[in-house]
Every structure is written in C-alpha cells, then in structure tokens.
Amino acid sequence: MRVPLSWLKDYVDIPIPIPQLAERLTLAGLEVETVTYIGLPGAELPWEPDKIVVGELRAVHPHPNADRLVLAEVEYGGPAPEVVVTGAPGLLALRGQTDLHIKVAFALEGAHLYDGHAPGFQVTKLKATKIRGVPSRAMVCSEKELGLSDQHEDIIYLPDDAPVGVPLADYLGDAVLAFDIKGPFAHLYSVFGIAREVAALLDLPLKHDPRRVVERHPVSITPEPDFIVLEIADPDLCPRYSAAFIGGVRVGPSPFWMQMRLRLAGMRPISNIVDITNYVMLELGQPLHAFDYGRLRPRPGERRPAIIVRRSRPNEQMTTLDGTLRTFDGEMLLITDGGGPVAVAGVMGGLESEITDATTDILLESANFHFLSIRRTSRLLGLTSEAAQRFGRQVDPELTVPAALRAALLMAELAGGTIAPAIGDVYPGRQPLRTVELNPADVDRILGVEIPPEDIARILTALEFTVQPTTSPDTNLPMYRITVPSHRPDVTRPVDLVEEIGRVWGYDRFPPTLLRDELPPQRPNVRLECAERVRDLLVGCGLDEVITYSLVDLADEGKLYPQGPAPDPARYLRLRNPLSADRAYLRQTLLPSLLRTLRENLRFQERVAIFEIGAVYLPVEGQPLPDEPLRLGVAMTGPREPRSWLPDRQTTPLGFYDLKGVVEALLSGLGLSGAFERGQHPAFHPGRCAEVRVNGHVLGIIGELHPLVREAFDLPEGPVAALEFDLEVLIDLWGAPRRMTPISLHPPVYEDLAVVVDEETPAVRVRDLIAQTGAPLLRSVVLFDVYRGEQVGPGRKSLAYRLTYQADDRTLTDAEVARVREKIVRRLERELGATLRGAG
C-alpha cells in the first residue's frame, strides 16, 4: 500500500524527518518497504527550486509562423513575464485570450526535466532555442516532464490557489511511503488508518476524523429507501449493505489534486465518479462501487430497482468490468438486481451497469462482506483488486454509512450531483462491542519493562480503545476494562492489548538485559544435521540444490511408468480446491519435479546437475494425516567437462558412472560404504540401473532414464542420470554409533591383483571376498580395470584391484604380504572359480 505524505498530513502533523518516521512505523509493525520522493531532494529527478516554479498563464497569443503553435505569456515571480512557444492542445484552444489566470508548472532555462517526446524517462537540460523563428527559453510542463506520469499530451493545470513564484517542489513535492502490511489488518489499509497509528506513535492529536461526516451532515438512515429495494438473502456472507443515491451528476475528469493523490497511491485516474470511489476507499479503507442507476432493473411486478445480495447459482455467468465472462459456483457471493448479476461482491463490478460518460444517476454501494468468502472468490476467479485485498482482511462494518456519505458529498461537489435525503442500510450482522479485562501488572510481566499506567491508557485511547478504570473483584487491585473498537476484530485477549501497548510504546526503548535463567541443554538434532551434511557434500560435488513444489500433476508421475499402469489417484492425497490442475496432488516421489526443473534449466545452459531434499506424502490407512518421510533426489545431464578449444579435449556426457561417483563421495563423506547391485525400475534404462545398499539396508535406486521417460519429459537427446534415496534410512545409519580406528604410523604396502571370473560374477562380490579374507592387514581394495577379450576367453572377464596392506604395530614384510595374498587367491578359486590372470 502506498501513502503520500501530503495526504497523511491532512490528518496528523508530522514534526520528524521522513526517514525517522519510516523507522518508527516499521518498528511498530507497519513495515515501510521504500520511501519514494517526488520532486524533493532524494528523488530521481529533484525539481530545482530556482528553475521550476508555479507560474500563472496570463495570455495565449498566436504564433506568427505556425498554426499548431502558440505563444504563452507566463508570470512566474520574475522581473517580467516570460513568453514561451508551446503546442499544448489545451492552450491551442485558448489562442487569442489575453485575460487568463491559469496556474501551471513552469520551468526556466537550465532546468533538468524528462524529455516528454523520448521513449521512457530520459533526463534533458532545458536550453534556450528558436522555434519557427520565435525565441523560447522556458517551458510549461506536462506530467511526464516532471516525472509524475507518462502523460505528455497536455500540460499540468494547477489549482487556482497555487501561489505564483513558489518553488514547485514546495507546492507539489511529496514523499510516498510504500507499506508491506501482513495479516488481517484492514484498519491499516487506509490513509486515515496510518494517520491514527502515527498520532499514537508520536503522541499527537488527529486534526479531524473523516468518519464523523454523518455528524456534520445528518441524513436519514433506513432499510427501505424510496430509490431502491434492498435485500440480503445470505446474511452469513454479507453482514451489512448500504446504498446512497446521487442524481444529476456530470461524468468528467476529476480535479488535479485528486488525480495526483490517486497516482501517488498507485491508482490510475478514470473519471470523477470512479475516482471518488477509489479516493474514499484509500482514505477510509471502505471499498465502494458506483452503479449506473438507470441500468439497474426492478424485480418483476415492482417499480423501484432492486439490489439482492445472494449466493450465485451453479454455473451462473456475468461479464465483469475487465470484459471477461465469469462463471460462478454455488458459493460465490453476487450483487444482483431484478434481472440478474451486476457485480461480484467485494471483487469487481459488472460490465452492464458500469459508469459511462452518459451516466447521470448513481447508486453508490458501500457494503461489508465476509472476508473468507471474498478471499475464496478472488482466488478461484483469478481476480485481484484493491477492494478484494481490503475485504479479505476484515473491513470494519461500521464504515459503510460514513464512507457512502463522504463519497456522495464529493460527488455532489465535483460532479454537480444531488444527494437523496436518505441512505439505505440493511444491517443483519450487527455485533456487540467486545470488552477485555486488562491487568496493568500483566503488561509489565509480559513485556519485561515497567510502563506507567498513564502511558497504557494514553496508548490504548489513541488507538481508539475505550479505557475504563476498575478493580479486580478477587484481589481488589486496579484493572482496566477495555472496550475494543469495531475496526479491531483481531483483539480478543489481554495479551493482544499488551502487544498493542508494547509496539506503540516502542520495542527499541526496551533496555537490553541478559537472560536471568541458564540456557536449556543443547540436544543434537540428528535429522537436521544429517540433511545439512548431505547438502554440503552434494554441493561439494558440484550439484546445485533446488526446491520444488510438493503439489504435482499426477500425469507427471505417470510418465515414470512408460509401460503402465498409470498411478491410481485413489492412492494419492488430493487438494479439495487446487489452484490449478497441475498442482492438485501431493507427491510421492521427487523425480517428476526434478525432471521438470531439469528441462526448464536446460533452456539456458547445456549442463545441469541438481538435487533436492524434500518430503513425500504417503497416505496411512486409518490415519487423518499422511506419513511424510524425507527423500533425496538427484538429476544430472549435459557434458562432463566445459567446452575447450584444445583438439584432444573430447567432451563426453554425464552418465551412470558420474552419478555413481557422486553417491560414493556422499557415502564416504558420511562415513558409510555402499554396495551397488543390479536393479530394476520402470523409469530407468534396464541395463543402467542399480540398487544401492548400505549395511544391508536398501537406500534407493540410481540409473540412467529410460528413453521413453526422457522423451515424455521433453528432455534432449543424451543420457540423463538420476536417483532417489530414502533419506530416513541414511539418517538412521549416519546417526548410529561408529567404531573409529587409529591411523597407523607404519608404511603401507601396495599390490595389484588381477583375477579372471565368470561374466555374471559381480565385481562387488569379488571385492568383498578379497576384503574379508585379507582382514585385518588388508586396508583397501579398489577396482581399477575391467577387461573382456580373447586373452580371457568367452563368458569371462578380468578384474584388476589395487590392494593396500598395513599393520598398526609394525612394518609388514614381503613374506607376510605373500601369505595374505595366497590366502585371498585360494578363497577366490574355491568360491568363485577365479584364476589369476596370466597363470596357466
């Protein structure tokens, strides 16, 4: 929300600098994201006070050499009027008039302005020149040239009371505070609401209260006005509906001051009627809507037009103001007349009853709707609006009549309308004011600082709480009975009041103190520590972490099974109201999301290696909530090495063995060792898939994607390696106690051993037998070569291992190493039928 400082000053004086004000508001919970300066020092284009001033247009003379140009005579406080050449359309219509008193923004030679005819906003310096033979060294400015908007077709026409010669920065300069307000606090979504907070923070009085317009302009309030029939068919969704009638209006542009405030607040001026509804909404926080009264229809057999607030009928339709045909379900709230829908309640009006240049009579809606209904409707229709944002945060129902009257009076003033003597008001949802008992001692106890009782009463009174001193019937100690104002539905408990007192009193005023109690014992979080260790290891392997949606399209999970069957939706958890069809189900595997992320990133780079640690959601029979185990997913594809100009540098793609190396590095970094066995999974290539086991526990599956799966996810040609591990298994194994062995001080002995075995014999089986037989002197077994060919015969393969022998208490002799080697060879021959390569 954007709040111009000049508008804020209408309600409260601000004696402190703008940065200090922004800091005070932020510390009080009203986060000021940015401060944008308009024309003032600190702005992108400050208006030089000696070169950009308020001028008064006194005469418009014809240009002697051009029909589409005129000579504007401007008083600006200098020794003599300045004559400038201009082609502004508004001044062309005034050609020949010599007794004018029109206030304009006037720039003198040397001023820095935005170029009104260049694309974007480009700063230029105003220089003296001749235009069609007439000297001109000044300029009457458009909005774009001053950076107020992108409008440059005509000049700015200032109000009649603008003082001539005053620097424009002093008259029109401003600062805009952009707030990021989170939570259901509709009372802060208005200029007056922010002013109330500022007054409380600075201990200043409000200058006036625009809500008291009813006291200054008494009107009759009746549920049966003579200009409209009002009916609330669903009071659970519409607690209050008020309507005013303004007749004989003239639709046209709103005055400059209102357009300026709307633009600074982030809204586009449209017409005086629509601008007034937006202006009052920004001022008070009550959304309004203006109907063309002449287009509203009565119910059959009745004379007066009708407004009925009701739930929509299933598949009922209406075209909204944006020109889109909307279809409603049976729970969306509509504003209807005697013939059908005319607005989506609290969200957007209908096209049939919109205000046009031909409109003369206005029905002004000022209503209150249930916040959850508006949120749901806005989300399902994909419609966001300023009104929906406020209604979705619980607007005060007591605002409807004051806001309607305030807007009606502005329409009478700025559009020449006549206000009907009565305001229609149907209020079935009236609620009594809430009271909360507050013990001043609880304020000190909860906040940890002593706040004087007079400050407590002052703060709450400034926030419009009614404070009544009383005593506790149990302890006879002083208490406060606090009446909560209608605009604060969030305050229901004493602790809510304590929070209000603390934030306004100032958290920055709390004295720094040390903890009086000892710190609680620090207990290890194995689950978190293991996940962080896995992240560090994978990042060290060159992978990037991603976070994907837990909600997926079930069709994506079906792509992992190219031969079928498709996943059964009954086995998945589905959202009741998904935002979209591709975010409807809770995932049971990480792979589809990873592969989609892989595809999107391959649009921008040729090598992608990513991983994710996230939960999957497995329904548990008889339980309302699913099991949510953590999974680890990895996907990688692209060239193994970056491209190079070197001729012998061949680029090969990442594949199964690269991913296997990542897994081995991961397990090694966790102090574990794994075994890779031939595996099967529909998503992976049959010959390039392995099951990973650690200490007999199945960790998961790794492999290269099946070509059909790769095509289904629209991935490019080439191998795509992926894995999915059960991180819960890894956490349990990592968290188990481990036996540490000392580092030997004696030198190791290295030896190579090549054996020939049957083709079906797994290399890991050979490695395990070697390690078991050679223990405890054999410390390491590493496979470094695999050979198949004529030298070993058909159906056989040669496996070569690097063996490392080492003892803790001595240097091994050749004889000791030979004995261990002989023992290993005999066992391999006996159990696997292996022979030494080159023997026999």
# chains A, B, ... in the order shown; residues from 1 in each chain; ligands from 1

$ residues_around --residues "A:Gln122" --least-positions-apart "5" --cutoff "10 Å" --atoms "only C-alpha atoms" --output "PDB file with N, CA and C atoms, in the first residue's frame"
ATOM      1  N   LEU A 113      14.764  18.255 -16.788  1.00  0.00           N
ATOM      2  CA  LEU A 113      13.434  17.662 -16.929  1.00  0.00           C
ATOM      3  C   LEU A 113      13.547  16.349 -17.678  1.00  0.00           C
ATOM      4  N   TYR A 114      12.472  15.583 -17.653  1.00  0.00           N
ATOM      5  CA  TYR A 114      12.392  14.406 -18.510  1.00  0.00           C
ATOM      6  C   TYR A 114      11.937  14.844 -19.899  1.00  0.00           C
ATOM      7  N   ASP A 115      12.523  14.236 -20.920  1.00  0.00           N
ATOM      8  CA  ASP A 115      12.154  14.544 -22.298  1.00  0.00           C
ATOM      9  C   ASP A 115      10.758  13.984 -22.570  1.00  0.00           C
ATOM     10  N   GLY A 116       9.799  14.860 -22.817  1.00  0.00           N
ATOM     11  CA  GLY A 116       8.419  14.426 -22.994  1.00  0.00           C
ATOM     12  C   GLY A 116       8.175  13.636 -24.255  1.00  0.00           C
ATOM     13  N   HIS A 117       9.087  13.717 -25.238  1.00  0.00           N
ATOM     14  CA  HIS A 117       8.857  13.041 -26.518  1.00  0.00           C
ATOM     15  C   HIS A 117       9.779  11.841 -26.723  1.00  0.00           C
ATOM     16  N   GLU A 145       7.184  15.339 -18.100  1.00  0.00           N
ATOM     17  CA  GLU A 145       8.414  16.118 -17.984  1.00  0.00           C
ATOM     18  C   GLU A 145       8.833  16.319 -16.540  1.00  0.00           C
ATOM     19  N   GLY A 147       8.058  13.872 -14.277  1.00  0.00           N
ATOM     20  CA  GLY A 147       8.169  12.532 -13.712  1.00  0.00           C
ATOM     21  C   GLY A 147       6.965  12.096 -12.918  1.00  0.00           C
TER      22      GLY A 147
END

$ residues_around --residues "A:Gly29" --least-positions-apart "2" --cutoff "8 Å" --atoms "only C-alpha atoms" --output "VMD selection string"
chain A and resid 25 to 27 31 181 503

$ atom_distance --atom1 "atom CA of A:Lys797" --atom2 "atom CA of A:Glu759"
5.6 Å

$ select_by_dssp --residues "stretch 431-546 of chain A" --states "helix (DSSP H, G or I)" --output "number ranges by chain"
A: 440-447, 453-462, 494-505, 507-509, 526-540

$ closest_residue --among "A:Leu783, A:Leu560, A:Val764, A:Leu618" --to "A:Ser593" --atoms "only C-alpha atoms"
A:Leu560

$ atom_distance --atom1 "atom CA of A:Ile221" --atom2 "atom CA of A:Ala407"
15.8 Å

$ residues_around --residues "stretch 595-601 of chain A" --least-positions-apart "6" --cutoff "12 Å" --atoms "only C-alpha atoms" --output "PyMOL selection string"
chain A and resi 544-549+552-553+556-557+559-560+589+607-612+633-638+683+705+709-717+720-724

$ residues_around --residues "A:Lys125" --least-positions-apart "6" --cutoff "8 Å" --atoms "only C-alpha atoms" --output "ChimeraX atom specification"
/A:110-113

$ select_by_dssp --residues "stretch 246-492 of chain A" --states "strand (DSSP E)" --output "ChimeraX atom specification"
/A:246-247,289-292,306-311,316-319,325-328,333-337,340-344,348-349,362-368,418-419,422-426,435-438,466-471,478-483

$ closest_residue --among "A:Ala615, A:Ile501, A:Ile702, A:Val395" --to "A:Leu727" --atoms "only C-alpha atoms"
A:Ala615
